[in-house]
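Undergrad: Contents are mmCIF, C-alpha atoms; file name start-v1.cif:
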```cif
data_model
loop_
_atom_site.label_atom_id
_atom_site.label_comp_id
_atom_site.auth_asym_id
_atom_site.auth_seq_id
_atom_site.Cartn_x
_atom_site.Cartn_y
_atom_site.Cartn_z
CA MET A 1 15.04 -17.45 0.81
CA ILE A 2 11.59 -17.26 2.38
CA TYR A 3 9.97 -14.24 0.77
CA LEU A 4 7.44 -12.39 2.96
CA ASP A 5 7.59 -8.92 1.42
CA ASN A 6 4.70 -9.23 -1.04
CA ALA A 7 3.20 -5.91 0.04
CA ALA A 8 6.23 -4.30 -1.63
CA THR A 9 6.06 -6.53 -4.70
CA SER A 10 4.93 -10.10 -5.25
CA PHE A 11 7.59 -12.76 -5.65
CA PRO A 12 8.07 -15.21 -7.20
CA LYS A 13 6.08 -14.35 -10.30
CA PRO A 14 4.06 -17.29 -11.62
CA THR A 15 5.62 -19.14 -14.54
CA GLU A 16 2.57 -18.29 -16.65
CA VAL A 17 3.28 -14.57 -16.15
CA LEU A 18 6.93 -14.97 -17.10
CA ASN A 19 5.94 -16.90 -20.22
CA ALA A 20 3.41 -14.24 -21.20
CA VAL A 21 6.04 -11.52 -20.93
CA ASN A 22 8.55 -13.50 -22.98
CA LYS A 23 6.02 -14.33 -25.71
CA SER A 24 5.04 -10.67 -25.97
CA PHE A 25 8.38 -9.81 -27.56
CA ILE A 26 7.58 -12.20 -30.40
CA LEU A 27 3.81 -12.01 -30.76
CA TYR A 28 3.18 -8.39 -29.74
CA GLY A 29 6.36 -6.55 -30.64
CA ALA A 30 4.78 -3.64 -32.51
CA ASN A 31 3.54 -0.32 -31.19
CA PRO A 32 -0.21 -0.62 -30.43
CA GLY A 33 -2.47 1.94 -32.06
CA ARG A 34 0.37 3.51 -34.04
CA SER A 35 0.26 1.55 -37.31
CA GLY A 36 -2.19 -0.28 -39.55
CA HIS A 37 -0.19 -3.45 -40.08
CA ASN A 38 -1.22 -6.75 -38.55
CA LEU A 39 1.45 -6.88 -35.87
CA SER A 40 0.39 -3.49 -34.52
CA ILE A 41 -3.30 -4.41 -34.71
CA ASN A 42 -2.71 -7.70 -32.88
CA THR A 43 -0.75 -5.90 -30.19
CA ALA A 44 -3.53 -3.34 -29.78
CA MET A 45 -6.06 -6.15 -29.43
CA GLU A 46 -3.99 -7.78 -26.68
CA VAL A 47 -3.79 -4.46 -24.84
CA TYR A 48 -7.53 -4.00 -25.21
CA SER A 49 -8.11 -7.52 -23.90
CA THR A 50 -6.16 -6.61 -20.77
CA ARG A 51 -8.39 -3.57 -20.27
CA GLU A 52 -11.41 -5.87 -20.46
CA LYS A 53 -9.92 -8.25 -17.87
CA LEU A 54 -9.28 -5.41 -15.44
CA ASN A 55 -12.72 -3.94 -16.02
CA SER A 56 -14.24 -7.34 -15.27
CA LEU A 57 -12.18 -7.98 -12.13
CA PHE A 58 -13.00 -4.59 -10.61
CA ASP A 59 -16.57 -4.16 -11.91
CA GLY A 60 -15.52 -1.02 -13.77
CA TYR A 61 -17.39 1.42 -15.97
CA GLY A 62 -16.16 0.03 -19.27
CA SER A 63 -12.84 -0.95 -20.80
CA GLU A 64 -12.45 2.50 -22.37
CA PHE A 65 -12.22 3.86 -18.82
CA VAL A 66 -9.17 1.72 -18.06
CA SER A 67 -5.88 3.48 -18.78
CA PHE A 68 -2.41 2.07 -18.18
CA THR A 69 0.22 3.87 -16.13
CA GLN A 70 3.75 3.04 -15.09
CA ASN A 71 2.69 2.29 -11.50
CA CYS A 72 0.04 3.01 -8.87
CA SER A 73 1.75 6.20 -7.66
CA TYR A 74 1.53 7.65 -11.16
CA ALA A 75 -2.14 6.65 -11.38
CA LEU A 76 -2.90 8.32 -8.05
CA ASN A 77 -1.19 11.55 -9.12
CA MET A 78 -3.16 11.42 -12.35
CA ALA A 79 -6.41 10.93 -10.44
CA ILE A 80 -5.85 13.55 -7.74
CA LYS A 81 -4.49 16.27 -10.02
CA GLY A 82 -7.02 15.37 -12.68
CA VAL A 83 -10.03 16.46 -10.61
CA LEU A 84 -8.90 18.97 -7.99
CA LYS A 85 -9.06 22.65 -8.86
CA LYS A 86 -8.16 25.81 -6.98
CA GLY A 87 -10.41 26.26 -3.97
CA ASP A 88 -11.36 22.60 -3.67
CA HIS A 89 -11.14 20.64 -0.44
CA VAL A 90 -9.98 17.00 -0.24
CA ILE A 91 -10.19 14.51 2.63
CA ILE A 92 -7.73 11.65 3.08
CA SER A 93 -7.42 9.00 5.77
CA SER A 94 -4.81 8.77 8.52
CA LEU A 95 -3.42 5.60 6.93
CA GLU A 96 -2.50 6.96 3.51
CA HIS A 97 0.68 6.11 1.66
CA ASN A 98 2.91 8.93 0.45
CA SER A 99 1.51 8.35 -3.05
CA VAL A 100 -1.64 10.06 -1.80
CA LEU A 101 -0.20 12.26 0.94
CA ARG A 102 2.55 13.92 -1.10
CA PRO A 103 0.51 15.15 -4.08
CA VAL A 104 -2.22 16.36 -1.72
CA PHE A 105 0.30 18.04 0.58
CA LYS A 106 2.07 19.70 -2.34
CA MET A 107 -1.17 21.19 -3.68
CA THR A 108 -2.15 22.24 -0.16
CA SER A 109 1.22 23.87 0.60
CA ARG A 110 0.96 25.87 -2.62
CA GLY A 111 -2.41 27.21 -1.56
CA GLU A 112 -4.17 25.57 -4.50
CA ILE A 113 -6.48 23.45 -2.34
CA THR A 114 -7.25 22.73 1.30
CA SER A 115 -7.12 19.28 2.83
CA SER A 116 -8.08 17.34 5.94
CA VAL A 117 -7.14 14.00 7.47
CA PHE A 118 -9.71 11.83 9.23
CA VAL A 119 -8.51 9.32 11.80
CA VAL A 120 -9.13 5.62 11.16
CA THR A 121 -9.70 3.52 14.29
CA HIS A 122 -10.66 -0.09 14.96
CA ASP A 123 -14.24 1.11 15.51
CA THR A 124 -15.99 1.53 12.12
CA GLU A 125 -18.68 3.87 13.45
CA GLU A 126 -16.05 6.09 15.04
CA THR A 127 -14.03 6.11 11.82
CA LEU A 128 -17.07 7.14 9.77
CA ASN A 129 -17.98 9.88 12.24
CA ASN A 130 -14.42 11.17 12.03
CA LEU A 131 -14.81 11.35 8.26
CA LYS A 132 -18.17 13.12 8.42
CA ASN A 133 -16.70 15.75 10.74
CA GLU A 134 -14.17 16.74 8.07
CA ILE A 135 -16.68 17.37 5.26
CA ARG A 136 -17.04 20.99 4.16
CA GLU A 137 -19.15 22.80 1.60
CA ASN A 138 -16.26 22.81 -0.87
CA THR A 139 -15.18 19.18 -0.33
CA LYS A 140 -14.61 17.80 -3.82
CA LEU A 141 -12.92 14.49 -3.11
CA ILE A 142 -12.51 11.75 -0.51
CA ILE A 143 -9.59 9.43 -1.21
CA VAL A 144 -8.63 6.44 0.93
CA THR A 145 -6.52 3.35 0.73
CA ALA A 146 -8.42 0.08 0.46
CA VAL A 147 -5.94 -1.59 2.81
CA SER A 148 -3.25 0.00 4.97
CA ASN A 149 0.13 -0.98 3.54
CA VAL A 150 1.62 -1.04 7.05
CA PHE A 151 -0.98 -2.40 9.46
CA GLY A 152 -3.39 -4.16 7.13
CA ASP A 153 -6.54 -2.27 8.16
CA ILE A 154 -9.36 -2.80 5.65
CA LEU A 155 -11.23 0.47 5.32
CA PRO A 156 -15.06 0.46 5.17
CA LEU A 157 -15.23 1.35 1.47
CA ARG A 158 -18.96 0.80 1.01
CA GLU A 159 -19.89 3.02 3.96
CA ILE A 160 -17.45 5.74 2.89
CA ALA A 161 -18.88 5.61 -0.63
CA GLU A 162 -22.39 6.15 0.76
CA ILE A 163 -21.23 9.18 2.73
CA ALA A 164 -19.54 10.60 -0.37
CA LYS A 165 -22.61 10.03 -2.54
CA GLU A 166 -24.93 11.71 -0.02
CA SER A 167 -22.76 14.83 -0.13
CA ASN A 168 -22.10 14.71 -3.90
CA ILE A 169 -18.38 14.13 -3.32
CA LEU A 170 -16.10 12.07 -5.54
CA PHE A 171 -14.75 8.89 -3.96
CA PHE A 172 -11.34 7.56 -5.03
CA VAL A 173 -9.56 4.43 -3.77
CA ASP A 174 -5.87 3.56 -3.64
CA GLY A 175 -5.97 -0.15 -4.43
CA ALA A 176 -2.24 -0.78 -4.03
CA GLN A 177 -2.66 -3.35 -1.26
CA GLY A 178 -6.25 -4.40 -1.95
CA ALA A 179 -6.16 -5.28 -5.64
CA GLY A 180 -6.16 -9.06 -6.01
CA LEU A 181 -6.58 -9.59 -2.27
CA ILE A 182 -10.01 -8.24 -1.31
CA PRO A 183 -13.06 -7.84 -3.55
CA ILE A 184 -13.17 -4.29 -4.95
CA LYS A 185 -16.28 -3.79 -7.09
CA MET A 186 -16.36 -0.20 -8.31
CA LYS A 187 -19.97 0.10 -9.45
CA LYS A 188 -21.36 -2.02 -6.64
CA ILE A 189 -19.51 -0.08 -3.95
CA GLY A 190 -19.73 3.34 -5.57
CA ILE A 191 -16.08 4.08 -6.35
CA ASN A 192 -15.53 6.81 -8.94
CA CYS A 193 -11.85 6.03 -9.47
CA LEU A 194 -9.60 3.12 -8.53
CA CYS A 195 -5.81 3.19 -8.88
CA ILE A 196 -3.88 -0.08 -8.89
CA PRO A 197 -0.38 -1.50 -9.35
CA GLY A 198 0.18 -4.60 -11.41
CA HIS A 199 3.18 -5.98 -9.55
CA LYS A 200 1.63 -6.74 -6.16
CA GLY A 201 -1.56 -8.77 -5.73
CA LEU A 202 -2.06 -9.05 -9.48
CA LEU A 203 1.28 -10.87 -9.86
CA ALA A 204 2.50 -8.84 -12.85
CA PRO A 205 5.99 -7.42 -13.51
CA MET A 206 7.03 -4.07 -12.08
CA GLY A 207 6.48 -0.99 -14.21
CA ILE A 208 2.77 -1.31 -14.92
CA GLY A 209 -0.31 0.09 -13.19
CA ALA A 210 -3.75 1.30 -14.15
CA ILE A 211 -6.34 3.92 -13.42
CA LEU A 212 -10.00 2.85 -13.65
CA HIS A 213 -12.67 5.54 -13.46
CA ASP A 214 -16.17 6.57 -14.46
CA GLY A 215 -15.11 9.44 -16.74
CA CYS A 216 -14.55 11.87 -13.87
CA ILE A 217 -10.91 12.67 -14.69
CA GLU A 218 -11.05 16.12 -16.25
CA GLU A 219 -7.43 17.22 -16.56
CA THR A 220 -4.25 15.52 -17.76
CA ILE A 221 -0.83 15.73 -16.13
CA ILE A 222 1.02 14.66 -19.27
CA GLU A 223 0.27 15.15 -22.95
CA GLY A 224 1.79 13.66 -26.07
CA GLY A 225 1.41 11.09 -28.79
CA THR A 226 -1.63 8.84 -28.54
CA GLY A 227 -1.84 7.44 -32.06
CA SER A 228 -5.13 9.29 -32.50
CA GLU A 229 -6.15 12.81 -33.63
CA SER A 230 -2.59 13.56 -34.66
CA PHE A 231 -3.49 16.97 -36.16
CA ASN A 232 -5.16 18.06 -32.93
CA TYR A 233 -2.71 20.22 -30.99
CA LEU A 234 -4.63 19.44 -27.81
CA GLN A 235 -4.80 16.10 -26.03
CA PRO A 236 -7.75 13.96 -27.21
CA VAL A 237 -10.72 14.16 -24.87
CA GLY A 238 -11.81 10.56 -25.40
CA PHE A 239 -10.74 7.75 -23.11
CA PRO A 240 -8.48 5.83 -22.77
CA ASP A 241 -6.31 7.97 -25.11
CA LYS A 242 -6.73 11.08 -22.96
CA LEU A 243 -4.71 9.49 -20.16
CA GLU A 244 -2.24 7.47 -22.24
CA SER A 245 0.52 9.51 -23.84
CA GLY A 246 3.49 7.73 -25.33
CA THR A 247 4.23 4.09 -26.00
CA LEU A 248 2.75 1.60 -23.56
CA ASN A 249 4.76 -1.04 -21.70
CA VAL A 250 3.32 -3.91 -23.73
CA PRO A 251 5.41 -6.74 -22.21
CA ALA A 252 4.29 -5.73 -18.72
CA ILE A 253 0.70 -5.37 -19.90
CA CYS A 254 0.83 -8.93 -21.26
CA GLY A 255 2.17 -10.10 -17.91
CA LEU A 256 -0.60 -8.17 -16.17
CA LYS A 257 -3.25 -9.84 -18.29
CA LYS A 258 -2.00 -13.26 -17.31
CA GLY A 259 -1.76 -12.25 -13.65
CA VAL A 260 -5.36 -11.02 -13.67
CA GLU A 261 -6.46 -14.27 -15.32
CA ILE A 262 -4.75 -16.23 -12.55
CA VAL A 263 -6.46 -14.16 -9.87
CA LEU A 264 -9.86 -14.45 -11.57
CA ASN A 265 -9.52 -18.22 -11.99
CA TYR A 266 -8.25 -18.84 -8.46
CA GLY A 267 -10.65 -16.39 -6.87
CA VAL A 268 -9.89 -13.30 -4.78
CA GLU A 269 -11.89 -14.76 -1.90
CA ASN A 270 -9.81 -17.95 -1.95
CA ILE A 271 -6.55 -16.01 -1.95
CA PHE A 272 -7.74 -13.94 1.00
CA LYS A 273 -8.91 -17.03 2.89
CA GLU A 274 -5.64 -18.94 2.45
CA GLU A 275 -3.38 -16.03 3.35
CA THR A 276 -5.59 -15.08 6.29
CA ALA A 277 -5.37 -18.58 7.75
CA LEU A 278 -1.57 -18.34 7.76
CA MET A 279 -1.45 -14.84 9.20
CA LYS A 280 -4.05 -15.59 11.85
CA PHE A 281 -1.94 -18.55 12.99
CA MET A 282 1.17 -16.39 13.01
CA PHE A 283 -0.57 -13.56 14.88
CA ASN A 284 -1.74 -15.94 17.61
CA GLU A 285 1.75 -17.41 17.98
CA LEU A 286 3.36 -13.97 18.11
CA SER A 287 0.87 -12.82 20.73
CA ASN A 288 2.28 -15.51 23.04
CA MET A 289 5.83 -14.19 22.74
CA ARG A 290 6.49 -11.92 25.70
CA LYS A 291 8.66 -9.32 23.96
CA VAL A 292 6.64 -9.05 20.74
CA ILE A 293 4.49 -5.96 20.31
CA LEU A 294 1.40 -6.34 18.13
CA TYR A 295 -0.95 -3.51 17.21
CA ARG A 296 -4.27 -5.29 17.61
CA SER A 297 -5.75 -7.14 20.55
CA GLU A 298 -7.14 -9.81 18.24
CA TYR A 299 -7.07 -10.82 14.59
CA ASP A 300 -10.39 -9.73 13.07
CA GLU A 301 -10.37 -10.88 9.45
CA LYS A 302 -13.39 -8.70 8.65
CA MET A 303 -11.32 -5.59 9.31
CA LYS A 304 -7.82 -6.83 8.60
CA ALA A 305 -6.01 -7.99 5.49
CA PRO A 306 -3.49 -10.85 5.75
CA LEU A 307 -0.52 -8.73 6.73
CA ILE A 308 1.15 -8.43 10.14
CA ALA A 309 3.01 -5.46 11.56
CA PHE A 310 4.92 -5.98 14.79
CA ASN A 311 7.97 -4.96 16.79
CA ILE A 312 10.19 -6.58 19.39
CA LYS A 313 10.56 -4.56 22.56
CA GLY A 314 13.88 -2.75 22.77
CA PHE A 315 14.76 -2.99 19.08
CA HIS A 316 14.20 -0.88 16.01
CA SER A 317 12.17 -2.63 13.33
CA GLU A 318 15.10 -2.49 10.92
CA GLU A 319 17.29 -4.42 13.38
CA VAL A 320 14.73 -7.21 13.42
CA SER A 321 14.31 -7.25 9.65
CA ALA A 322 18.11 -7.30 9.23
CA TYR A 323 18.33 -10.33 11.54
CA LEU A 324 15.68 -12.12 9.51
CA ASN A 325 17.52 -11.27 6.29
CA GLU A 326 20.71 -12.79 7.72
CA ASN A 327 18.68 -15.96 8.20
CA SER A 328 17.26 -16.00 4.65
CA VAL A 329 13.90 -14.36 5.36
CA ALA A 330 12.82 -11.30 3.40
CA VAL A 331 10.50 -8.89 5.24
CA ARG A 332 10.37 -5.13 5.46
CA GLY A 333 11.22 -2.95 8.43
CA GLY A 334 11.12 0.82 8.72
CA TYR A 335 8.40 3.26 7.74
CA HIS A 336 6.97 1.83 4.50
CA CYS A 337 6.43 5.29 2.90
CA SER A 338 3.48 5.88 5.22
CA PRO A 339 4.24 8.44 7.97
CA LEU A 340 0.54 9.06 8.64
CA ALA A 341 -0.02 5.39 9.48
CA HIS A 342 2.92 5.35 11.90
CA LYS A 343 1.66 8.50 13.61
CA THR A 344 -1.78 6.92 13.90
CA TYR A 345 -0.34 3.81 15.57
CA GLY A 346 2.39 5.58 17.54
CA THR A 347 5.32 3.85 15.85
CA GLU A 348 7.17 6.94 14.60
CA ASP A 349 10.32 6.07 16.55
CA VAL A 350 10.76 2.41 15.62
CA GLY A 351 8.69 1.84 12.49
CA ALA A 352 7.32 -1.66 12.13
CA VAL A 353 8.37 -5.07 10.88
CA ARG A 354 5.91 -6.06 8.16
CA ILE A 355 5.21 -9.64 7.15
CA SER A 356 3.17 -9.93 3.95
CA PRO A 357 2.60 -13.40 2.47
CA SER A 358 1.32 -14.59 -0.87
CA ARG A 359 -0.64 -17.65 -1.92
CA PHE A 360 2.71 -19.38 -2.37
CA THR A 361 3.62 -18.97 1.33
CA THR A 362 3.44 -22.17 3.37
CA LYS A 363 2.89 -22.96 7.05
CA LYS A 364 6.41 -24.36 7.08
CA ASP A 365 7.68 -20.91 6.07
CA VAL A 366 5.68 -19.29 8.85
CA ASN A 367 6.94 -21.71 11.49
CA TYR A 368 10.52 -21.11 10.42
CA VAL A 369 10.08 -17.36 10.91
CA LEU A 370 8.35 -17.84 14.26
CA ASN A 371 11.27 -19.93 15.51
CA LEU A 372 13.74 -17.26 14.42
CA LEU A 373 11.80 -14.51 16.17
CA GLN A 374 11.57 -16.54 19.35
CA LYS A 375 15.35 -17.05 19.32
CA PHE A 376 15.93 -13.35 18.65
CA ALA A 377 13.70 -12.26 21.50
CA LYS A 378 15.30 -14.71 23.96
CA ASN A 379 18.95 -14.31 23.07
CA LYS A 380 19.23 -10.54 22.61
CA ASN A 381 20.17 -8.65 25.75
CA MET A 382 17.51 -6.17 26.77
#
```
Let's see the structure in the file written out as structure tokens.
TA:
Amino acid sequence: MIYLDNAATSFPKPTEVLNAVNKSFILYGANPGRSGHNLSINTAMEVYSTREKLNSLFDGYGSEFVSFTQNCSYALNMAIKGVLKKGDHVIISSLEHNSVLRPVFKMTSRGEITSSVFVVTHDTEETLNNLKNEIRENTKLIIVTAVSNVFGDILPLREIAEIAKESNILFFVDGAQGAGLIPIKMKKIGINCLCIPGHKGLLAPMGIGAILHDGCIEETIIEGGTGSESFNYLQPVGFPDKLESGTLNVPAICGLKKGVEIVLNYGVENIFKEETALMKFMFNELSNMRKVILYRSEYDEKMKAPLIAFNIKGFHSEEVSAYLNENSVAVRGGYHCSPLAHKTYGTEDVGAVRISPSRFTTKKDVNYVLNLLQKFAKNKNM
């Protein structure tokens, strides 16, 4: 099968990652931070080493401000609910995934906070003006995705961070699609909190994510055993323990460490360059197919991640993705858990077919898919 659904989860996982996970059951089989014996200490050191790798990759505020979660959605809930209080106002973009929209909407519908959505366009200045128009006196937080999981838009993180800083507003980023694909430097850009998955661009197994922050997370959404301050009935206030209750997923953390090492060694810029070359070629070929609908007039790699969303006139996106699946190609059709993005692009009725490559995707793969799509568009009755 040709796998082009890496925005959902990367596949195949590198052999080095698989080996790291397997070895963890032998070398790091104890509970980190829970015992004083050597196996537990060694496991804790491996976990700490992974924090350091993540802090390095994302230019974070220190390894103690890296906490592991079960996924990016959990990290985003932890971040959003950890800073917003009654009466606060939050701004999100019109391209947000449900992992941002749903917790914000729930708090808004309960009357706990107020919220606004600013529209992202292909004009950066217009996008920034739309954001500025939503700022209020009680705006506490701006949270945006680094990259749209549907249409691949790269948001102007540095400019948004400057606007947030000028107004003394926290700036959080959903790195689900950007981590491991575009450079995200927290201190350099001015990001207070970054939430990431391990299983996408960082090539790790499913079931592991992380929240990186500057100490701004005030409240916890779960409390429990941390291996520290056991006689304290309250959750420890020190990081990373404050945000890590219960036993960590050590095998996945070991896989994440190896995945981060691969990304660091290969280079985020190189990954972006290689994937972009393939998607730019594919975009240009698709633009010459009469029945194919694309959602950009041109492929601008400065504003677009290597991901293509398209439709074929007269067909629902899931019909097209089902046809590709029948011909051994894995892509995603439908709504991608992002209703705001589909409303922004006007695809509420048909969704979108999403093609998301990895550094293992080849031009041969792309040509095979292009040939299939050409046949589909020609042979289906309209």
Undergrad: Just give me the gap between atom CA of A:Val353 and atom CA of A:Val366 in Å, one decimal is fine.
TA: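 Here the two named atoms are 14.6 Å from each other.
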Undergrad: Using all atoms listed in the file, which residues sit within 10 Å of A:Gly238 once same-chain residues fewer than 2 positions away are excluded, as a list in words?
TA: Glu64, Phe65, Gly215, Ser228, Gln235, Pro236, Pro240, Asp241, Lys242 and Leu243 of chain A
Undergrad: Write the residues of the selection above to a file with C-alpha atoms, as a PDB file, in the coordinates of the input.
TA:
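Output contents, as saved in part_4.pdb:
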```
ATOM      1  CA  GLU A  64     -12.450   2.500 -22.370  1.00  0.00           C
ATOM      2  CA  PHE A  65     -12.220   3.860 -18.820  1.00  0.00           C
ATOM      3  CA  GLY A 215     -15.110   9.440 -16.740  1.00  0.00           C
ATOM      4  CA  SER A 228      -5.130   9.290 -32.500  1.00  0.00           C
ATOM      5  CA  GLN A 235      -4.800  16.100 -26.030  1.00  0.00           C
ATOM      6  CA  PRO A 236      -7.750  13.960 -27.210  1.00  0.00           C
ATOM      7  CA  PRO A 240      -8.480   5.830 -22.770  1.00  0.00           C
ATOM      8  CA  ASP A 241      -6.310   7.970 -25.110  1.00  0.00           C
ATOM      9  CA  LYS A 242      -6.730  11.080 -22.960  1.00  0.00           C
ATOM     10  CA  LEU A 243      -4.710   9.490 -20.160  1.00  0.00           C
TER      11      LEU A 243
END
```
Undergrad: For A:Lys23, which residue out of A:Lys258, A:Lys291, A:Arg158, A:Arg359 is the nearest one, using all atoms listed in the file?
TA: A:Lys258
Undergrad: Expand the PyMOL selection byres ((chain A and resi 46) around 9) into the explicit residue set it covers here, and present it as a PyMOL selection string.
TA: chain A and resi 28+32+41-45+47-51+250+253-254+257
Undergrad: Given the file shown, determine the residues that the PyMOL selection byres ((chain A and resi 68) around 9) selects; report them as a ChimeraX atom specification.
TA: /A:51,66-67,69-71,75,208-212,240,243-244,248-249,253
Undergrad: Filtering to C-alpha atoms, could you give me those residues as an mmCIF file, in the frame of the given file?
TA:
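The new file out_35.cif reads:
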```
data_model
loop_
_atom_site.group_PDB
_atom_site.id
_atom_site.type_symbol
_atom_site.label_atom_id
_atom_site.label_comp_id
_atom_site.auth_asym_id
_atom_site.auth_seq_id
_atom_site.Cartn_x
_atom_site.Cartn_y
_atom_site.Cartn_z
ATOM 1 C CA ARG A 51 -8.390 -3.570 -20.270
ATOM 2 C CA VAL A 66 -9.170 1.720 -18.060
ATOM 3 C CA SER A 67 -5.880 3.480 -18.780
ATOM 4 C CA THR A 69 0.220 3.870 -16.130
ATOM 5 C CA GLN A 70 3.750 3.040 -15.090
ATOM 6 C CA ASN A 71 2.690 2.290 -11.500
ATOM 7 C CA ALA A 75 -2.140 6.650 -11.380
ATOM 8 C CA ILE A 208 2.770 -1.310 -14.920
ATOM 9 C CA GLY A 209 -0.310 0.090 -13.190
ATOM 10 C CA ALA A 210 -3.750 1.300 -14.150
ATOM 11 C CA ILE A 211 -6.340 3.920 -13.420
ATOM 12 C CA LEU A 212 -10.000 2.850 -13.650
ATOM 13 C CA PRO A 240 -8.480 5.830 -22.770
ATOM 14 C CA LEU A 243 -4.710 9.490 -20.160
ATOM 15 C CA GLU A 244 -2.240 7.470 -22.240
ATOM 16 C CA LEU A 248 2.750 1.600 -23.560
ATOM 17 C CA ASN A 249 4.760 -1.040 -21.700
ATOM 18 C CA ILE A 253 0.700 -5.370 -19.900
#
```
Undergrad: Show which residues sit within 12 Å of A:Leu286, as a CSV table (one decimal) with C-alpha atoms, in the frame of the given file. Count all atoms listed in the file, and ignore same-chain residues fewer than 3 positions away.
TA:
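And here is the file that came out, selection_35.csv:
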```
chain,number,residue,atom,x,y,z
A,279,MET,CA,-1.4,-14.8,9.2
A,280,LYS,CA,-4.0,-15.6,11.8
A,281,PHE,CA,-1.9,-18.6,13.0
A,282,MET,CA,1.2,-16.4,13.0
A,283,PHE,CA,-0.6,-13.6,14.9
A,289,MET,CA,5.8,-14.2,22.7
A,290,ARG,CA,6.5,-11.9,25.7
A,291,LYS,CA,8.7,-9.3,24.0
A,292,VAL,CA,6.6,-9.0,20.7
A,293,ILE,CA,4.5,-6.0,20.3
A,294,LEU,CA,1.4,-6.3,18.1
A,295,TYR,CA,-1.0,-3.5,17.2
A,296,ARG,CA,-4.3,-5.3,17.6
A,297,SER,CA,-5.8,-7.1,20.6
A,298,GLU,CA,-7.1,-9.8,18.2
A,299,TYR,CA,-7.1,-10.8,14.6
A,308,ILE,CA,1.2,-8.4,10.1
A,309,ALA,CA,3.0,-5.5,11.6
A,310,PHE,CA,4.9,-6.0,14.8
A,311,ASN,CA,8.0,-5.0,16.8
A,312,ILE,CA,10.2,-6.6,19.4
A,355,ILE,CA,5.2,-9.6,7.2
A,366,VAL,CA,5.7,-19.3,8.8
A,367,ASN,CA,6.9,-21.7,11.5
A,369,VAL,CA,10.1,-17.4,10.9
A,370,LEU,CA,8.4,-17.8,14.3
A,371,ASN,CA,11.3,-19.9,15.5
A,372,LEU,CA,13.7,-17.3,14.4
A,373,LEU,CA,11.8,-14.5,16.2
A,374,GLN,CA,11.6,-16.5,19.4
A,377,ALA,CA,13.7,-12.3,21.5
```
Undergrad: Would you write out, as a list in words, every residue that the PyMOL selection byres ((chain A and resi 140) around 6) captures in this file?
TA: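 Going through the file, the PyMOL selection byres ((chain A and resi 140) around 6) ends up selecting Asp88, His89, Val90, Thr139, Leu141 and Ile169 of chain A.
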Undergrad: Create the file for the chosen residues now, containing C-alpha atoms and written as a PDB file, keeping the file's coordinate frame.
TA:
```pdb
ATOM      1  CA  ASP A  88     -11.360  22.600  -3.670  1.00  0.00           C
ATOM      2  CA  HIS A  89     -11.140  20.640  -0.440  1.00  0.00           C
ATOM      3  CA  VAL A  90      -9.980  17.000  -0.240  1.00  0.00           C
ATOM      4  CA  THR A 139     -15.180  19.180  -0.330  1.00  0.00           C
ATOM      5  CA  LEU A 141     -12.920  14.490  -3.110  1.00  0.00           C
ATOM      6  CA  ILE A 169     -18.380  14.130  -3.320  1.00  0.00           C
TER       7      ILE A 169
END
```
Undergrad: Rounded to one decimal, what separation in Å do you get between atom CA of A:Leu54 and atom CA of A:Val173?
TA: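 Taking atom CA of A:Leu54 as the start and atom CA of A:Val173 as the end point, the length is 15.3 Å.
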Undergrad: Mind pulling up the distance from atom CA of A:Val350 to atom CA of A:Thr362?
TA: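 We find that atom CA of A:Thr362 and atom CA of A:Val350 lie 28.4 Å from each other.
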